[in-house]
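Below: one structure, written as structure tokens.
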Amino acid sequence: MAKTIGLVNLHSEVSYKGLTENRPVASVSYLGRYGIIDFVLSNMSNSNLDAVGILIQSNPRSLFKHLGTGNEWNFNLKKGGISLLYNEQYANNLKYNHDINNLVENIAFIRDNAPDYVVIAPAHIITTMDYEEVVDAHIESGAEITVVYQHINNADESFIGSDYLRLNGNKVDEIKVNKGNKKERDISLETYVINASVLFELIDYATHLSSFYGLRDTLSYLADERTINAYEYKGYVRCIDSMEHYLEYSLEMLDLDVSTQVFKSNWPIYTRTNDTPPTKYKKHARVTKSFVANGAIIDGKVEGSIIGRGVEIGKGAVVKNSIIFSGSKIAEGAVLENVIVDKRVSVEKVTELTGTKTNPLYIKEGDVI
């Protein structure tokens with residue numbers, strides 16, 4: 001494959017209420033032991049992209065902690081590894097804090113790696129995409145820009161606010177925002193393959209077009225002026241763009257038919273490991289259809305839930321359709337349903353906590369309830 005580098009684009013308007021108040025979407029816990037960013041990084045690693053830059057929008061501290069040296073994602077450190085690209089100048093200026101300005105500030109990353117092609121993908125859209133196949137199709141098409149999309153039949157419920165494509169064969173005629181007024185759409189997965197020389201042109205063009213324009217805006221503006229190729233991806237896709245979808249798509253991973261679409265023997269999902277003891281199931285533990293991470297101590301009933309590292313579930317407690325982050329303690333006799341409990345929470349006094357599937361109750365990090 002021609003020399004290709006990756007950019008993980010964290011510039012988006014996606015947030016999960018309190019979960020992303022002090023951390024980016026990328027470092028939010030997923031399935032008790034992963035970060036959301038692990039999936040796109042694993043795709044880039046499995047696709048043999050040696051150099052990867054992460055375009056950080058805000059709140060970088062937890063991301064720095066999660067990524068560490070980047071060794072866990074199996075990149076070739078001699079050829080590039082992971083680089084964290086942050087634009088401090090505009091970090092607190094919402095309108096100017098977009099991916100184009102981040103690329104302007106960190107343009108040396110691209111120049112120093114001297115790629116032929118650049119793959120750009122978000123963290124909040126989870127796939128198991130093989131970027132080598134996309135790059136090969138891009139080269140074969142002779143295009144300068146390729147947008148990856150998926151045809152979906154529930155665009156009135158998912159990908160609201162994402163882009164959709166009006167296609168003429170494999171060419172993009174128009175890029176518009178999905179407002180949820182139609183079920184069937186060809187939805188952009190915000191994943192692009194761009195010739196490196198053309199990316200430099202787009203960055204320069206965008207800065208002169210509008211100081212507030214990011215990459216999505218620029219491609220939408222140019223869709224009827226420049227030939228943009230479309231590549232259809234037919235594999236697993238979930239857009240985690242809200243707290244509701246975060247709960248829904250996390251818990252659906254407890255279904256073996258769903259999880260096996262993501263966790264495949266030939267497509268490992270890498271993450272930073274922790275040295276923790278095995279899970280301990282005590283006398284009154286009853287666990288069904290749940291994911292329980294290492295170091296947890298269970299002495300209650302856990303049903304259809306995700307339990308993080310070091311969580312303690314007391315005797316007679318019931319946790320149903322919920323996500324409990326690492327280090328939290330659920331007291332004896334407590335009942336939780338449709339609840340998302342952040343790190344190091346102690347549920348002690350208010351022991352009946354209930355949300356709904358569409359509006360889960362969120363308990364913020366470190367609180368005593």
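Ligands are numbered from 1 in the order shown, chains are lettered A, B, ... in the order of the structure tokens, and residues start at 1 in each chain.
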
Practice item. Extract, using only C-alpha atoms, all DNA, RNA and protein residues at most 7 Å from A:Ala331, discarding same-chain residues fewer than 2 positions from it, and format them as number ranges by chain. Key: A: 313-314, 317, 329, 333-334, 347-348

Exercise for review: Just the residues within 12 Å of A:Thr127, please, counting only C-alpha atoms, with nothing from its chain fewer than 6 positions along; format it as a ChimeraX atom specification.
Suggested key: /A:36-44,121,148-150,189-191,233-240,259,261-263,267,269

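In this model, the gap between atom CA of A:Val335 and atom CA of A:Gly310 comes to 19.0 Å.
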
Check your understanding: Which residues in stretch 177-336 of chain A does DSSP call helix (DSSP H, G or I)? List them as a PyMOL selection string.
Key -> chain A and resi 196-209+215-222+243-252+256-262

Pull C-alpha atoms from the residues just selected and write them as an mmCIF file, in the first residue's frame.
```
data_model
loop_
_atom_site.group_PDB
_atom_site.id
_atom_site.type_symbol
_atom_site.label_atom_id
_atom_site.label_comp_id
_atom_site.auth_asym_id
_atom_site.auth_seq_id
_atom_site.Cartn_x
_atom_site.Cartn_y
_atom_site.Cartn_z
ATOM 1 C CA ALA A 196 -1.939 14.487 0.872
ATOM 2 C CA SER A 197 -1.273 17.225 -1.678
ATOM 3 C CA VAL A 198 -5.019 17.873 -1.946
ATOM 4 C CA LEU A 199 -5.379 18.017 1.842
ATOM 5 C CA PHE A 200 -2.835 20.853 1.921
ATOM 6 C CA GLU A 201 -4.934 22.633 -0.725
ATOM 7 C CA LEU A 202 -8.140 22.096 1.274
ATOM 8 C CA ILE A 203 -6.580 23.476 4.437
ATOM 9 C CA ASP A 204 -5.442 26.610 2.609
ATOM 10 C CA TYR A 205 -8.780 26.940 0.812
ATOM 11 C CA ALA A 206 -10.789 26.584 4.043
ATOM 12 C CA THR A 207 -8.804 29.264 5.871
ATOM 13 C CA HIS A 208 -9.612 31.750 3.093
ATOM 14 C CA LEU A 209 -13.231 30.581 2.686
ATOM 15 C CA LEU A 215 -13.350 20.046 7.165
ATOM 16 C CA ARG A 216 -16.998 18.937 6.958
ATOM 17 C CA ASP A 217 -18.089 22.471 6.042
ATOM 18 C CA THR A 218 -15.397 22.747 3.390
ATOM 19 C CA LEU A 219 -16.223 19.430 1.731
ATOM 20 C CA SER A 220 -19.933 20.301 1.734
ATOM 21 C CA TYR A 221 -19.151 23.646 0.093
ATOM 22 C CA LEU A 222 -16.985 22.018 -2.593
ATOM 23 C CA MET A 243 -26.212 9.725 26.270
ATOM 24 C CA GLU A 244 -29.201 7.689 25.093
ATOM 25 C CA HIS A 245 -27.190 6.042 22.332
ATOM 26 C CA TYR A 246 -24.215 5.583 24.644
ATOM 27 C CA LEU A 247 -26.378 3.466 26.965
ATOM 28 C CA GLU A 248 -28.214 1.675 24.156
ATOM 29 C CA TYR A 249 -25.170 0.732 22.075
ATOM 30 C CA SER A 250 -23.110 -0.220 25.117
ATOM 31 C CA LEU A 251 -25.747 -2.624 26.406
ATOM 32 C CA GLU A 252 -26.457 -4.135 22.996
ATOM 33 C CA LEU A 256 -23.357 -12.199 21.359
ATOM 34 C CA ASP A 257 -24.678 -11.704 17.814
ATOM 35 C CA VAL A 258 -23.735 -8.022 18.062
ATOM 36 C CA SER A 259 -20.434 -8.268 19.927
ATOM 37 C CA THR A 260 -19.026 -10.872 17.542
ATOM 38 C CA GLN A 261 -19.372 -8.336 14.721
ATOM 39 C CA VAL A 262 -16.822 -6.164 16.527
#
```

Review point. Could you name the residues that touch A:Tyr86 at 7 Å or less, counting only C-alpha atoms, but leaving out those on the same chain fewer than 5 positions away, as a ChimeraX atom specification?
Key: /A:55-57,102

Store the residues picked out above in a file with C-alpha atoms, as a short mmCIF file (atom, residue, chain, number, x, y, z; two decimals), in the first residue's frame.
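Contents of the output file result.cif:
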```
data_model
loop_
_atom_site.label_atom_id
_atom_site.label_comp_id
_atom_site.auth_asym_id
_atom_site.auth_seq_id
_atom_site.Cartn_x
_atom_site.Cartn_y
_atom_site.Cartn_z
CA LEU A 55 -6.73 15.98 16.59
CA ILE A 56 -7.76 16.90 20.14
CA GLN A 57 -10.56 19.42 20.59
CA ASN A 102 -5.83 22.28 14.43
#
```

Point to revise | Non-local contacts of stretch 296-306 of chain A (8 Å; only C-alpha atoms; under 6 positions in same chain excluded) as a PyMOL selection string | key: chain A and resi 31-32+251+254+278-290+312-324+332

Dump as a CSV table (one decimal), in the first residue's frame, selection limited to N, CA and C atoms:
```csv
chain,number,residue,atom,x,y,z
A,31,LEU,N,-17.7,-0.5,27.7
A,31,LEU,CA,-17.7,-1.9,28.0
A,31,LEU,C,-16.8,-2.2,29.2
A,32,GLY,N,-16.6,-1.2,30.1
A,32,GLY,CA,-15.9,-1.5,31.3
A,32,GLY,C,-14.4,-1.4,31.3
A,251,LEU,N,-25.0,-1.4,25.9
A,251,LEU,CA,-25.7,-2.6,26.4
A,251,LEU,C,-26.0,-3.6,25.3
A,254,LEU,N,-23.8,-6.7,24.8
A,254,LEU,CA,-24.0,-7.9,25.7
A,254,LEU,C,-24.7,-9.0,24.9
A,278,PRO,N,-8.5,-10.8,39.6
A,278,PRO,CA,-9.8,-11.3,39.0
A,278,PRO,C,-11.0,-10.8,39.7
A,279,THR,N,-12.1,-10.9,39.0
A,279,THR,CA,-13.4,-10.6,39.6
A,279,THR,C,-13.7,-11.6,40.7
A,280,LYS,N,-14.3,-11.1,41.8
A,280,LYS,CA,-14.7,-12.0,42.9
A,280,LYS,C,-16.2,-12.0,43.1
A,281,TYR,N,-16.8,-13.2,42.9
A,281,TYR,CA,-18.3,-13.4,43.1
A,281,TYR,C,-18.5,-14.0,44.4
A,282,LYS,N,-19.2,-13.3,45.3
A,282,LYS,CA,-19.5,-13.8,46.6
A,282,LYS,C,-20.8,-14.6,46.7
A,283,LYS,N,-21.1,-15.0,47.9
A,283,LYS,CA,-22.2,-16.0,48.1
A,283,LYS,C,-23.5,-15.6,47.5
A,284,HIS,N,-23.9,-14.3,47.5
A,284,HIS,CA,-25.2,-13.9,47.0
A,284,HIS,C,-25.2,-13.3,45.6
A,285,ALA,N,-24.1,-13.5,44.9
A,285,ALA,CA,-23.9,-12.9,43.6
A,285,ALA,C,-24.8,-13.7,42.6
A,286,ARG,N,-25.5,-12.9,41.7
A,286,ARG,CA,-26.3,-13.5,40.6
A,286,ARG,C,-26.1,-12.6,39.4
A,287,VAL,N,-25.4,-13.0,38.4
A,287,VAL,CA,-25.0,-12.2,37.3
A,287,VAL,C,-25.5,-12.8,36.0
A,288,THR,N,-26.3,-12.1,35.2
A,288,THR,CA,-26.8,-12.6,33.9
A,288,THR,C,-26.6,-11.6,32.9
A,289,LYS,N,-26.2,-12.0,31.7
A,289,LYS,CA,-26.0,-11.2,30.5
A,289,LYS,C,-25.4,-9.9,30.8
A,290,SER,N,-24.2,-9.9,31.4
A,290,SER,CA,-23.5,-8.7,31.8
A,290,SER,C,-22.0,-8.8,31.5
A,312,GLU,N,-17.7,-2.4,43.5
A,312,GLU,CA,-18.2,-3.3,44.6
A,312,GLU,C,-19.7,-3.2,44.6
A,313,ILE,N,-20.4,-4.3,44.4
A,313,ILE,CA,-21.8,-4.4,44.5
A,313,ILE,C,-22.2,-5.2,45.8
A,314,GLY,N,-22.9,-4.5,46.7
A,314,GLY,CA,-23.2,-5.1,48.0
A,314,GLY,C,-24.2,-6.1,48.0
A,315,LYS,N,-24.3,-6.8,49.1
A,315,LYS,CA,-25.3,-7.9,49.3
A,315,LYS,C,-26.7,-7.4,49.1
A,316,GLY,N,-27.5,-8.1,48.2
A,316,GLY,CA,-28.9,-7.8,48.0
A,316,GLY,C,-29.1,-6.6,47.1
A,317,ALA,N,-28.0,-6.0,46.6
A,317,ALA,CA,-28.2,-4.9,45.7
A,317,ALA,C,-28.6,-5.4,44.3
A,318,VAL,N,-29.4,-4.6,43.6
A,318,VAL,CA,-29.8,-5.0,42.2
A,318,VAL,C,-29.4,-3.9,41.2
A,319,VAL,N,-28.6,-4.3,40.2
A,319,VAL,CA,-28.2,-3.4,39.2
A,319,VAL,C,-28.7,-3.9,37.8
A,320,LYS,N,-29.6,-3.1,37.2
A,320,LYS,CA,-30.2,-3.6,36.0
A,320,LYS,C,-30.1,-2.6,34.9
A,321,ASN,N,-29.7,-3.0,33.7
A,321,ASN,CA,-29.6,-2.1,32.5
A,321,ASN,C,-28.8,-0.9,32.8
A,322,SER,N,-27.7,-1.0,33.5
A,322,SER,CA,-26.9,0.1,33.9
A,322,SER,C,-25.4,0.0,33.6
A,323,ILE,N,-24.7,1.1,33.7
A,323,ILE,CA,-23.3,1.1,33.5
A,323,ILE,C,-22.6,1.7,34.7
A,324,ILE,N,-21.8,0.9,35.4
A,324,ILE,CA,-21.1,1.4,36.6
A,324,ILE,C,-19.6,1.5,36.3
A,332,GLU,N,-25.3,-2.2,50.1
A,332,GLU,CA,-26.2,-3.3,50.3
A,332,GLU,C,-27.6,-2.9,50.1
```
